[in-house]
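J.: Quick one: structure below, then a few questions.
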Amino acid sequence: MGRSYYAIIEITDHGPYVTKLVLPMPMNVKAEAVQPECFSVYVERKDKKGEILKISRNWLEKTDKELSKGYCVVKAAYPSCQYGVRKEEGEFVTLEMKYGPLDSLSAAIACPNVFNEFIISDYQITQIAEIPADDEKLTGLVYDLRAGNTMKQAEKFLHGISSYEEEPLKYGYFVPQTGNGRRPLIIWLHGAGEGGEDPTIAYTSNKVVNLASDAIQTKFGGAYLLVPQTPTFWMNDGSGQYGRTGQSKYGESLKALIDEFIARNDAAIDTNRIYIGGCSNGGFMTMRMVLDYPDFFAAAYPVCEALYDEVISDADIETIKHVPIWFTHSKDDLIVKSEETVIPTYKRLIKAGAENVHFSYFDKVVDIHGLFEDEKGEPFIYNGHFSWIYALNDDCHLDYDGKPVVVEGKKVSLMDWLAMQSK
């Protein structure tokens, strides 16, 4: 009969991955007795019906699908507590798994149809080498019963749904644990792949949880986070298709959600410090909301925004030129072309006299934190569309001219700047 195991999921710059498997041992084991070579790990990634997923090798193409199953690489093995924390000896063994853009079998989500969704990862962990333990030797242990997952970074978030009858929207939110008095509200609008009916996807598919990290929360003196989710996609103008109209059927319902959330936290949210941002489809919606409600937000931080400049009139530019905005984009983004969206819009704002508009324009999206490497051992280069990685890690420092953004004689990052903005 098989044994139970626990999976630990970490939300990374490339989404959530199973990074550790925790195995309860029948007896105490010591560090010197446990090696990665002691275990073989096989996984089958399944949908909600229990069927093995067929996944495209290239997420941009829906062809060449193959069954998502196979053997995983164990990077390290050691005694631990039940939460995967290393110990010199213990009654649990933790396996650290190889994961990342080149190791998709460890990914905790997939996009089998239209949207990203959490999938079922069925592991079979087999002991293939003896492990000395006290006066005995452990042999032949097999773990194939899922006992649950933990995803610590997401535990800080709660869920809700708006009461707007015409189009109630689900959302995730975070209540700050630090600071006093009224705190700012940071809104994040997800990309096209994060629509659906599970708000968890909206803040975990990309590393939105980092906005709740101590480092970023400290910059704001504690901030509320609101992550709405659309059941389809923000660029849906009512036709159900991606078009160039620049309209969204979700404008009123999104504003109703924001208003309701503020009302429910009326004594705690500073309505002079409401910040809105998002990536791709969410960047589009960020710009749409700024255009529709130009005096509501203290600042905006759109990332790889997809609102075509052609639908923004000169009158629109005049209307929003007073709004502090920090754009982020990458030159090699082939999904949202900057020449059609952010570049002309930014230049028109500057020409119109916008005094607090910035634009971090990267050559490419590179792993600068030493998390992932390519086949040659070099820093991994992400798809050019993924410039939200820079924004969510607060790695935006330079303006469109390549010079640091400076406020009151001090160089600032995107989040530093955002925290300074107030109506």
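Chain labels run A, B, ... following the order of the structure tokens; each chain numbers its residues from 1, and ligands are numbered from 1 in the order shown.
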Would you pick out the contacts of Ala7 in chain A at 10 Å or less, using only C-alpha atoms, so that residues sharing its chain but fewer than 6 positions from it are not included, and give the list as a PyMOL selection string?
T.: chain A and resi 17-23+83-84+94-95+121+123+146-151
J.: Apply DSSP to the backbone of this structure and, from range 253-287 of chain A, keep only the residues in alpha helix (DSSP H); write these as number ranges by chain.
T.: A: 253-264, 281-287
J.: With distances taken over only C-alpha atoms, which of A:Glu88, A:Asp394, A:Asp270, A:Asp64 is nearest to Ser213 in chain A?
T.: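 Of all the options, A:Asp394 lies closest to Ser213 in chain A.
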J.: Compile a residue-level contact table for range 387-413 of chain A against range 279-296 of chain A at a cut-off of 12 Å, reporting for every qualifying residue the shortest atom pair and its distance in Å to one decimal, with only C-alpha atoms counted, rows ordered by chain and ascending number, as a tab-separated table.
T.:
residue	atom	partner	partner_atom	distance
A:Ser387	CA	A:Cys279	CA	8.2
A:Trp388	CA	A:Cys279	CA	6.2
A:Ile389	CA	A:Cys279	CA	9.9
A:Tyr390	CA	A:Cys279	CA	11.2
A:Ala391	CA	A:Cys279	CA	9.3
A:Leu392	CA	A:Cys279	CA	10.1
J.: I need the residues from that last selection saved to file as a compact mmCIF listing (two decimals), in the first residue's frame (with N, CA and C atoms), if you can.
T.:
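Dumped to result-v4.txt:
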# COMPACT_ATOMS: atom_id res chain seq x y z
N SER A 387 7.02 41.41 -19.33
CA SER A 387 7.66 42.53 -18.64
C SER A 387 7.04 42.79 -17.26
N TRP A 388 5.92 42.13 -16.96
CA TRP A 388 5.37 42.26 -15.61
C TRP A 388 6.34 41.70 -14.56
N ILE A 389 7.26 40.84 -14.99
CA ILE A 389 8.26 40.30 -14.05
C ILE A 389 9.08 41.45 -13.47
N TYR A 390 9.46 42.41 -14.29
CA TYR A 390 10.21 43.57 -13.80
C TYR A 390 9.34 44.42 -12.87
N ALA A 391 8.11 44.67 -13.27
CA ALA A 391 7.24 45.53 -12.47
C ALA A 391 6.93 44.93 -11.11
N LEU A 392 6.59 43.66 -11.08
CA LEU A 392 6.19 43.02 -9.83
C LEU A 392 7.37 42.78 -8.89
J.: Just the residues within 9 Å of Tyr308 in chain A, please, counting only C-alpha atoms, with nothing from its chain fewer than 2 positions along; format it as a VMD selection string.
T.: chain A and resid 244 to 246 284 305 to 306 310 to 312 340 to 342 345
J.: Can you pull out every residue within 12 Å of Ile343 in chain A, counting only C-alpha atoms, but drop anything in the same chain fewer than 3 positions away, and send it as a PyMOL selection string?
T.: chain A and resi 304-310+327-331+336-340+346-350+358-361+400
J.: When you draw a straight line from CA of Lys98 in chain A to CA of Ile335 in chain A, how long is it in Å?
T.: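 Those two atoms sit 28.7 Å apart.
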J.: Compare A:Asp316, A:Ile119, A:Glu32, A:Val73 by their minimum atom-to-atom distance to Lys49 in chain A, counting only C-alpha atoms, and give me the closest one.
T.: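 Looking only at the distances to Lys49 in chain A, the closest residue turns out to be A:Ile119.
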J.: Return as JSON, numbers by chain the full set of residues in range 89-165 of chain A whose backbone-based DSSP assignment is strand (DSSP E).
T.: {"A": [89, 90, 91, 92, 93, 94, 95, 96, 97, 109, 110, 117, 118, 120, 121, 122, 123, 124, 125, 126, 127, 131, 132, 133, 136, 137, 138, 142, 143, 144, 145, 146, 147, 148, 149, 150, 157, 158, 159, 160, 161]}
J.: Do you know which residues are at most 10 Å from range 410-419 of chain A counting only C-alpha atoms, after dropping those on the same chain fewer than 4 positions away, and could you put them as a PyMOL selection string?
T.: chain A and resi 184+186+211+216-221+223+273-276+298-301+324-328+358-360+390-398+403-406
J.: Taking only C-alpha atoms into account, which of A:Pro16, A:Gly179, A:Gly238, A:Pro231 comes nearest Asn206 in chain A?
T.: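 Counting only C-alpha atoms, the residue closest to Asn206 in chain A is A:Pro16.
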J.: Neighbours of Phe380 in chain A within 10 Å (only C-alpha atoms; same-chain residues fewer than 5 positions away dropped), as a ChimeraX atom specification?
T.: /A:100-102,365-368,370-375
J.: Pick out the residues sitting within 12 Å of Thr232 in chain A, and hand them over as a JSON list (two decimals) with all heavy atoms, in the first residue's frame; count only C-alpha atoms, and ignore anything fewer than 5 positions along from it in its own chain.
T.:
[["chain", "number", "residue", "atom", "x", "y", "z"],
["A", 114, "VAL", "N", -8.81, 27.71, -22.43],
["A", 114, "VAL", "CA", -8.74, 29.16, -22.65],
["A", 114, "VAL", "C", -7.91, 29.85, -21.57],
["A", 114, "VAL", "O", -7.10, 30.72, -21.86],
["A", 114, "VAL", "CB", -10.16, 29.77, -22.67],
["A", 114, "VAL", "CG1", -10.09, 31.28, -22.85],
["A", 114, "VAL", "CG2", -10.98, 29.14, -23.79],
["A", 115, "PHE", "N", -8.11, 29.44, -20.31],
["A", 115, "PHE", "CA", -7.48, 30.12, -19.19],
["A", 115, "PHE", "C", -6.52, 29.21, -18.44],
["A", 115, "PHE", "O", -6.64, 27.98, -18.49],
["A", 115, "PHE", "CB", -8.55, 30.63, -18.20],
["A", 115, "PHE", "CG", -9.58, 31.52, -18.81],
["A", 115, "PHE", "CD1", -10.93, 31.20, -18.75],
["A", 115, "PHE", "CD2", -9.21, 32.70, -19.46],
["A", 115, "PHE", "CE1", -11.90, 32.02, -19.31],
["A", 115, "PHE", "CE2", -10.17, 33.52, -20.03],
["A", 115, "PHE", "CZ", -11.51, 33.19, -19.95],
["A", 116, "ASN", "N", -5.60, 29.84, -17.71],
["A", 116, "ASN", "CA", -4.76, 29.08, -16.79],
["A", 116, "ASN", "C", -5.63, 28.51, -15.68],
["A", 116, "ASN", "O", -6.61, 29.15, -15.26],
["A", 116, "ASN", "CB", -3.69, 29.99, -16.18],
["A", 116, "ASN", "CG", -2.59, 30.32, -17.17],
["A", 116, "ASN", "OD1", -2.06, 29.45, -17.84],
["A", 116, "ASN", "ND2", -2.24, 31.60, -17.26],
["A", 167, "GLU", "N", -23.22, 42.53, -13.50],
["A", 167, "GLU", "CA", -22.04, 41.71, -13.77],
["A", 167, "GLU", "C", -21.19, 41.61, -12.50],
["A", 167, "GLU", "O", -20.20, 42.31, -12.34],
["A", 167, "GLU", "CB", -21.20, 42.31, -14.90],
["A", 167, "GLU", "CG", -20.01, 41.48, -15.34],
["A", 167, "GLU", "CD", -20.39, 40.21, -16.08],
["A", 167, "GLU", "OE1", -20.95, 40.31, -17.18],
["A", 167, "GLU", "OE2", -20.13, 39.12, -15.54],
["A", 169, "LEU", "N", -18.35, 40.59, -10.15],
["A", 169, "LEU", "CA", -17.00, 40.10, -10.42],
["A", 169, "LEU", "C", -16.39, 39.52, -9.15],
["A", 169, "LEU", "O", -16.52, 40.09, -8.07],
["A", 169, "LEU", "CB", -16.11, 41.24, -10.92],
["A", 169, "LEU", "CG", -16.50, 41.91, -12.24],
["A", 169, "LEU", "CD1", -15.52, 43.04, -12.55],
["A", 169, "LEU", "CD2", -16.54, 40.90, -13.38],
["A", 170, "LYS", "N", -15.71, 38.40, -9.31],
["A", 170, "LYS", "CA", -14.97, 37.82, -8.20],
["A", 170, "LYS", "C", -13.64, 38.56, -8.04],
["A", 170, "LYS", "O", -13.16, 39.20, -8.97],
["A", 170, "LYS", "CB", -14.73, 36.33, -8.44],
["A", 170, "LYS", "CG", -16.00, 35.49, -8.45],
["A", 170, "LYS", "CD", -15.69, 34.01, -8.64],
["A", 170, "LYS", "CE", -16.97, 33.19, -8.57],
["A", 170, "LYS", "NZ", -16.70, 31.73, -8.74],
["A", 190, "HIS", "N", -5.39, 41.49, -14.02],
["A", 190, "HIS", "CA", -4.68, 40.36, -14.60],
["A", 190, "HIS", "C", -4.68, 40.37, -16.12],
["A", 190, "HIS", "O", -5.41, 41.12, -16.77],
["A", 190, "HIS", "CB", -5.29, 39.04, -14.10],
["A", 190, "HIS", "CG", -6.74, 38.87, -14.52],
["A", 190, "HIS", "ND1", -7.11, 38.53, -15.80],
["A", 190, "HIS", "CD2", -7.89, 39.00, -13.82],
["A", 190, "HIS", "CE1", -8.42, 38.43, -15.88],
["A", 190, "HIS", "NE2", -8.93, 38.73, -14.68],
["A", 191, "GLY", "N", -3.88, 39.49, -16.70],
["A", 191, "GLY", "CA", -3.80, 39.33, -18.14],
["A", 191, "GLY", "C", -4.88, 38.41, -18.68],
["A", 191, "GLY", "O", -5.70, 37.87, -17.93],
["A", 192, "ALA", "N", -4.85, 38.18, -19.98],
["A", 192, "ALA", "CA", -5.91, 37.40, -20.64],
["A", 192, "ALA", "C", -5.98, 35.97, -20.15],
["A", 192, "ALA", "O", -7.06, 35.36, -20.11],
["A", 192, "ALA", "CB", -5.69, 37.42, -22.16],
["A", 193, "GLY", "N", -4.86, 35.40, -19.78],
["A", 193, "GLY", "CA", -4.83, 33.99, -19.37],
["A", 193, "GLY", "C", -5.37, 33.73, -17.99],
["A", 193, "GLY", "O", -5.53, 32.57, -17.59],
["A", 194, "GLU", "N", -5.67, 34.81, -17.23],
["A", 194, "GLU", "CA", -6.07, 34.62, -15.84],
["A", 194, "GLU", "C", -7.55, 34.89, -15.59],
["A", 194, "GLU", "O", -7.97, 35.03, -14.44],
["A", 194, "GLU", "CB", -5.22, 35.52, -14.93],
["A", 194, "GLU", "CG", -3.78, 35.06, -14.80],
["A", 194, "GLU", "CD", -2.95, 35.36, -16.04],
["A", 194, "GLU", "OE1", -2.84, 36.53, -16.43],
["A", 194, "GLU", "OE2", -2.43, 34.38, -16.63],
["A", 195, "GLY", "N", -8.33, 34.96, -16.66],
["A", 195, "GLY", "CA", -9.77, 35.11, -16.48],
["A", 195, "GLY", "C", -10.36, 33.80, -15.99],
["A", 195, "GLY", "O", -9.69, 32.78, -15.84],
["A", 196, "GLY", "N", -11.67, 33.82, -15.71],
["A", 196, "GLY", "CA", -12.33, 32.59, -15.28],
["A", 196, "GLY", "C", -13.09, 32.75, -13.98],
["A", 196, "GLY", "O", -13.60, 33.82, -13.67],
["A", 197, "GLU", "N", -13.11, 31.68, -13.19],
["A", 197, "GLU", "CA", -13.93, 31.64, -11.99],
["A", 197, "GLU", "C", -13.13, 31.33, -10.73],
["A", 197, "GLU", "O", -13.70, 31.01, -9.70],
["A", 197, "GLU", "CB", -15.03, 30.58, -12.17],
["A", 197, "GLU", "CG", -16.00, 30.85, -13.32],
["A", 197, "GLU", "CD", -16.83, 32.11, -13.09],
["A", 197, "GLU", "OE1", -17.10, 32.42, -11.91],
["A", 197, "GLU", "OE2", -17.18, 32.78, -14.07],
["A", 198, "ASP", "N", -11.82, 31.41, -10.80],
["A", 198, "ASP", "CA", -10.98, 31.13, -9.63],
["A", 198, "ASP", "C", -10.06, 32.32, -9.39],
["A", 198, "ASP", "O", -9.03, 32.46, -10.04],
["A", 198, "ASP", "CB", -10.15, 29.86, -9.84],
["A", 198, "ASP", "CG", -9.24, 29.54, -8.66],
["A", 198, "ASP", "OD1", -9.37, 30.21, -7.62],
["A", 198, "ASP", "OD2", -8.40, 28.63, -8.79],
["A", 237, "ASP", "N", -15.25, 43.68, -25.63],
["A", 237, "ASP", "CA", -16.12, 44.86, -25.78],
["A", 237, "ASP", "C", -17.59, 44.47, -25.89],
["A", 237, "ASP", "O", -18.45, 45.32, -26.16],
["A", 237, "ASP", "CB", -15.71, 45.70, -26.99],
["A", 237, "ASP", "CG", -15.81, 44.92, -28.31],
["A", 237, "ASP", "OD1", -16.28, 43.76, -28.30],
["A", 237, "ASP", "OD2", -15.42, 45.49, -29.35],
["A", 238, "GLY", "N", -17.88, 43.21, -25.66],
["A", 238, "GLY", "CA", -19.25, 42.71, -25.77],
["A", 238, "GLY", "C", -19.40, 41.75, -26.92],
["A", 238, "GLY", "O", -20.36, 40.97, -26.98],
["A", 239, "SER", "N", -18.43, 41.76, -27.82],
["A", 239, "SER", "CA", -18.48, 40.86, -28.98],
["A", 239, "SER", "C", -17.91, 39.49, -28.65],
["A", 239, "SER", "O", -18.14, 38.53, -29.39],
["A", 239, "SER", "CB", -17.67, 41.47, -30.14],
["A", 239, "SER", "OG", -16.29, 41.50, -29.82],
["A", 240, "GLY", "N", -17.16, 39.39, -27.55],
["A", 240, "GLY", "CA", -16.52, 38.13, -27.21],
["A", 240, "GLY", "C", -15.25, 37.89, -28.01],
["A", 240, "GLY", "O", -14.67, 36.81, -27.94],
["A", 241, "GLN", "N", -14.83, 38.90, -28.76],
["A", 241, "GLN", "CA", -13.65, 38.79, -29.62],
["A", 241, "GLN", "C", -12.63, 39.86, -29.26],
["A", 241, "GLN", "O", -12.97, 40.90, -28.71],
["A", 241, "GLN", "CB", -14.04, 38.94, -31.09],
["A", 241, "GLN", "CG", -15.12, 37.98, -31.57],
["A", 241, "GLN", "CD", -14.65, 36.54, -31.56],
["A", 241, "GLN", "OE1", -13.50, 36.25, -31.89],
["A", 241, "GLN", "NE2", -15.54, 35.63, -31.18],
["A", 242, "TYR", "N", -11.37, 39.58, -29.57],
["A", 242, "TYR", "CA", -10.34, 40.61, -29.45],
["A", 242, "TYR", "C", -10.46, 41.54, -30.65],
["A", 242, "TYR", "O", -10.43, 41.09, -31.79],
["A", 242, "TYR", "CB", -8.95, 39.99, -29.41],
["A", 242, "TYR", "CG", -8.62, 39.32, -28.10],
["A", 242, "TYR", "CD1", -8.78, 37.96, -27.93],
["A", 242, "TYR", "CD2", -8.14, 40.08, -27.02],
["A", 242, "TYR", "CE1", -8.47, 37.35, -26.72],
["A", 242, "TYR", "CE2", -7.85, 39.48, -25.82],
["A", 242, "TYR", "CZ", -8.01, 38.11, -25.67],
["A", 242, "TYR", "OH", -7.72, 37.51, -24.48],
["A", 248, "SER", "N", -14.45, 48.14, -23.30],
["A", 248, "SER", "CA", -14.61, 46.94, -22.48],
["A", 248, "SER", "C", -16.01, 46.87, -21.91],
["A", 248, "SER", "O", -16.54, 47.89, -21.44],
["A", 248, "SER", "CB", -13.60, 46.92, -21.33],
["A", 248, "SER", "OG", -13.87, 45.84, -20.45],
["A", 249, "LYS", "N", -16.60, 45.70, -21.92],
["A", 249, "LYS", "CA", -17.92, 45.52, -21.34],
["A", 249, "LYS", "C", -17.87, 45.52, -19.81],
["A", 249, "LYS", "O", -18.90, 45.53, -19.14],
["A", 249, "LYS", "CB", -18.55, 44.22, -21.82],
["A", 249, "LYS", "CG", -17.82, 42.96, -21.40],
["A", 249, "LYS", "CD", -18.54, 41.68, -21.84],
["A", 249, "LYS", "CE", -19.75, 41.43, -20.99],
["A", 249, "LYS", "NZ", -20.36, 40.10, -21.26],
["A", 250, "TYR", "N", -16.65, 45.50, -19.25],
["A", 250, "TYR", "CA", -16.50, 45.35, -17.80],
["A", 250, "TYR", "C", -16.19, 46.66, -17.08],
["A", 250, "TYR", "O", -15.92, 46.66, -15.87],
["A", 250, "TYR", "CB", -15.40, 44.33, -17.49],
["A", 250, "TYR", "CG", -15.73, 42.94, -17.96],
["A", 250, "TYR", "CD1", -15.05, 42.37, -19.02],
["A", 250, "TYR", "CD2", -16.75, 42.21, -17.35],
["A", 250, "TYR", "CE1", -15.36, 41.10, -19.47],
["A", 250, "TYR", "CE2", -17.06, 40.94, -17.80],
["A", 250, "TYR", "CZ", -16.36, 40.38, -18.86],
["A", 250, "TYR", "OH", -16.67, 39.12, -19.29],
["A", 281, "ASN", "N", -3.74, 42.46, -21.07],
["A", 281, "ASN", "CA", -5.16, 42.79, -21.02],
["A", 281, "ASN", "C", -5.47, 43.69, -19.82],
["A", 281, "ASN", "O", -6.29, 44.60, -19.90],
["A", 281, "ASN", "CB", -5.98, 41.50, -20.91],
["A", 281, "ASN", "CG", -6.92, 41.29, -22.08],
["A", 281, "ASN", "OD1", -8.12, 41.45, -21.95],
["A", 281, "ASN", "ND2", -6.35, 40.92, -23.22],
["A", 282, "GLY", "N", -4.80, 43.41, -18.71],
["A", 282, "GLY", "CA", -4.96, 44.24, -17.52],
["A", 282, "GLY", "C", -4.34, 45.61, -17.68],
["A", 282, "GLY", "O", -4.80, 46.59, -17.09]]
